[in-house]
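The next block is target-v8.cif, given as mmCIF, C-alpha atoms, pLDDT in the B column; chains and numbers go by the auth columns.
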data_structure
#
loop_
_atom_site.group_PDB
_atom_site.id
_atom_site.type_symbol
_atom_site.label_atom_id
_atom_site.label_comp_id
_atom_site.label_asym_id
_atom_site.label_seq_id
_atom_site.Cartn_x
_atom_site.Cartn_y
_atom_site.Cartn_z
_atom_site.B_iso_or_equiv
_atom_site.auth_seq_id
_atom_site.auth_asym_id
ATOM 1 C CA MET A 1 -9.972 4.365 -0.571 79.00 287 V
ATOM 2 C CA SER A 2 -7.764 1.886 -2.325 85.00 288 V
ATOM 3 C CA LEU A 3 -4.034 2.562 -2.397 86.00 289 V
ATOM 4 C CA ILE A 4 -1.145 2.200 -4.784 89.00 290 V
ATOM 5 C CA ILE A 5 1.743 0.802 -2.772 87.00 291 V
ATOM 6 C CA HIS A 6 5.227 -0.644 -3.038 85.00 292 V
ATOM 7 C CA ARG A 7 5.495 -3.909 -1.117 83.00 293 V
ATOM 8 C CA CYS A 8 8.619 -4.648 0.835 78.00 294 V
ATOM 9 C CA GLU A 9 10.923 -7.328 -0.550 78.00 295 V
ATOM 10 C CA CYS A 10 9.586 -9.564 2.242 76.00 296 V
ATOM 11 C CA GLY A 11 6.042 -9.169 0.890 77.00 297 V
ATOM 12 C CA HIS A 12 4.674 -6.934 3.632 76.00 298 V
ATOM 13 C CA THR A 13 2.770 -3.749 2.868 77.00 299 V
ATOM 14 C CA PRO A 14 4.024 -0.336 4.073 72.00 300 V
ATOM 15 C CA THR A 15 1.546 -0.533 6.969 68.00 301 V
ATOM 16 C CA ARG A 16 3.600 -3.376 8.433 65.00 302 V
ATOM 17 C CA HIS A 17 6.825 -1.410 8.393 63.00 303 V
ATOM 18 C CA PRO A 18 6.923 2.066 6.863 57.00 304 V
ATOM 19 C CA ALA A 19 10.180 3.431 5.507 56.00 305 V
ATOM 20 C CA ASN A 20 13.074 3.133 7.948 55.00 306 V
ATOM 21 C CA GLU A 21 10.977 1.500 10.659 58.00 307 V
ATOM 22 C CA GLU A 22 11.067 -2.011 12.030 58.00 308 V
ATOM 23 C CA CYS A 23 8.561 -4.583 10.885 58.00 309 V
ATOM 24 C CA ARG A 24 5.351 -4.519 12.922 58.00 310 V
ATOM 25 C CA ASP A 25 4.625 -8.188 12.320 58.00 311 V
ATOM 26 C CA SER A 26 3.477 -9.441 15.715 55.00 312 V
ATOM 27 C CA LEU A 27 5.013 -12.849 15.090 54.00 313 V
ATOM 28 C CA ARG A 28 8.344 -11.285 14.078 57.00 314 V
ATOM 29 C CA THR A 29 8.613 -13.674 11.153 60.00 315 V
ATOM 30 C CA CYS A 30 9.876 -10.913 8.900 65.00 316 V
ATOM 31 C CA THR A 31 13.617 -11.249 8.429 64.00 317 V
ATOM 32 C CA CYS A 32 14.248 -7.915 6.737 67.00 318 V
ATOM 33 C CA ARG A 33 13.217 -5.721 9.709 63.00 319 V
ATOM 34 C CA LYS A 34 13.562 -2.616 7.525 67.00 320 V
ATOM 35 C CA TYR A 35 11.292 -1.538 4.694 65.00 321 V
ATOM 36 C CA ARG A 36 12.953 -2.235 1.329 72.00 322 V
ATOM 37 C CA PRO A 37 10.430 -1.411 -1.410 71.00 323 V
ATOM 38 C CA VAL A 38 10.317 -3.341 -4.644 76.00 324 V
ATOM 39 C CA ALA A 39 10.482 -1.229 -7.783 74.00 325 V
ATOM 40 C CA GLU A 40 7.022 -1.889 -9.195 89.00 326 V
ATOM 41 C CA PRO A 41 3.958 -0.491 -7.401 91.00 327 V
ATOM 42 C CA GLU A 42 0.719 -2.420 -7.127 91.00 328 V
ATOM 43 C CA LEU A 43 -2.891 -1.630 -6.335 91.00 329 V
ATOM 44 C CA LEU A 44 -3.994 -2.560 -2.825 86.00 330 V
ATOM 45 C CA PRO A 45 -7.788 -2.717 -3.023 84.00 331 V
ATOM 46 C CA THR A 46 -9.962 -2.055 0.016 85.00 332 V
ATOM 47 C CA TRP A 47 -13.515 -2.917 0.954 86.00 333 V
ATOM 48 C CA THR A 48 -16.290 -1.422 3.063 87.00 334 V
ATOM 49 C CA MET A 49 -17.356 -3.087 6.314 90.00 335 V
ATOM 50 C CA THR A 50 -20.113 -4.823 4.334 92.00 336 V
ATOM 51 C CA GLY A 51 -17.632 -6.272 1.828 89.00 337 V
ATOM 52 C CA ARG A 52 -18.291 -3.933 -1.086 89.00 338 V
ATOM 53 C CA PRO A 53 -15.164 -2.838 -2.978 86.00 339 V
ATOM 54 C CA ILE A 54 -14.082 0.787 -2.656 86.00 340 V
ATOM 55 C CA THR A 55 -13.383 1.816 -6.220 87.00 341 V
ATOM 56 C CA LYS A 56 -11.757 5.218 -5.663 88.00 342 V
ATOM 57 C CA ILE A 57 -7.941 5.184 -5.452 90.00 343 V
ATOM 58 C CA THR A 58 -6.006 7.617 -3.268 89.00 344 V
ATOM 59 C CA PRO A 59 -4.003 9.809 -5.677 91.00 345 V
ATOM 60 C CA PRO A 60 -0.201 9.586 -5.519 89.00 346 V
ATOM 61 C CA GLY A 61 1.174 12.178 -3.102 88.00 347 V
ATOM 62 C CA ALA A 62 -2.138 12.541 -1.220 88.00 348 V
ATOM 63 C CA LYS A 63 -2.603 11.761 2.463 82.00 349 V
ATOM 64 C CA SER A 64 -4.134 8.462 3.461 75.00 350 V
ATOM 65 C CA ASP A 65 -4.362 7.436 7.103 70.00 351 V
ATOM 66 C CA ARG A 66 -2.302 10.495 8.077 67.00 352 V
ATOM 67 C CA ARG A 67 0.477 9.227 5.803 72.00 353 V
ATOM 68 C CA GLU A 68 1.438 10.558 2.383 78.00 354 V
ATOM 69 C CA THR A 69 1.199 8.066 -0.455 83.00 355 V
ATOM 70 C CA CYS A 70 4.139 7.529 -2.794 85.00 356 V
ATOM 71 C CA SER A 71 4.312 9.937 -5.711 87.00 357 V
ATOM 72 C CA CYS A 72 7.106 8.326 -7.731 88.00 358 V
ATOM 73 C CA ALA A 73 6.776 8.161 -11.524 90.00 359 V
ATOM 74 C CA ALA A 74 5.744 4.490 -11.430 90.00 360 V
ATOM 75 C CA CYS A 75 2.906 5.184 -8.947 91.00 361 V
ATOM 76 C CA VAL A 76 1.703 8.177 -10.968 91.00 362 V
ATOM 77 C CA ALA A 77 1.752 6.076 -14.157 92.00 363 V
ATOM 78 C CA LEU A 78 -0.234 3.239 -12.538 93.00 364 V
ATOM 79 C CA TYR A 79 -2.777 5.728 -11.162 92.00 365 V
ATOM 80 C CA ALA A 80 -3.181 7.251 -14.640 92.00 366 V
ATOM 81 C CA GLU A 81 -3.466 3.796 -16.218 92.00 367 V
ATOM 82 C CA LEU A 82 -6.223 2.852 -13.768 90.00 368 V
ATOM 83 C CA GLY A 83 -7.998 6.171 -14.269 86.00 369 V
ATOM 84 C CA GLY A 84 -8.205 6.806 -10.530 81.00 370 V
ATOM 85 C CA THR A 85 -10.645 3.964 -9.937 77.00 371 V
ATOM 86 C CA VAL A 86 -10.566 0.227 -9.411 74.00 372 V
ATOM 87 C CA ALA A 87 -12.345 -1.757 -12.113 66.00 373 V
ATOM 88 C CA SER A 88 -15.716 -3.021 -10.917 56.00 374 V
ATOM 89 C CA THR A 89 -16.054 -6.774 -10.668 49.00 375 V
ATOM 90 C CA ALA A 90 -19.848 -6.719 -10.427 45.00 376 V
#

So that I can check it, write out the structure of this file as structure tokens.
Amino acid sequence: MSLIIHRCECGHTPTRHPANEECRDSLRTCTCRKYRPVAEPELLPTWTMTGRPITKITPPGAKSDRRETCSCAACVALYAELGGTVASTA
């Protein structure tokens, strides 16, 4: 499913360095080393192995990849605005 995330100030996603963990960038080009989320969330779309977009969005506060997604007011508002699905581009 697609996710609503807060990127780090360095531009990485939470999968690169979750809260209070070091950056997992293999090249160690990240200078922040700690996750510092920006205020505004964004939609991180995902695709199937065949390249088709996955339109369903993981709800705020639900588990995704054994990790709980952010449930702040901004994430909840974006999820509601998007109606729980990614707009189809087909």

Could you write out as an NGL selection string the residues that the PyMOL selection byres ((chain V and resi 362) around 12) matches in the shown file? :V and (289-291 or 326-329 or 343-348 or 355-361 or 363-370)

Which residues are close to Met287 of chain V, i.e. within 9 Å by all atoms listed in the file, leaving aside same-chain residues fewer than 2 positions away? Reply as number ranges by chain. V: 289, 331-333, 340-344, 350

Quick one, how far is atom CA of Asp351 of chain V from atom CA of Cys294 of chain V?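 Separating atom CA of Asp351 of chain V from atom CA of Cys294 of chain V is a distance of 18.8 Å.
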
Which one is closest to Ala325 of chain V: V:Arg353, V:His292, V:Arg338, V:His298? Count all atoms listed in the file. V:His292

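Between atom CA of Pro300 of chain V and atom CA of Leu330 of chain V the separation is 10.8 Å.
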
Taking all atoms of segment 337-345 of chain V that the file lists, what box with edges along x, y and z, padded by 3 Å per side, do you get, with centre and edge lengths in Å to one decimal, as lines of an AutoDock Vina configuration file?
center_x = -11.1
center_y = 1.8
center_z = -2.2
size_x = 20.3
size_y = 22.1
size_z = 14.0
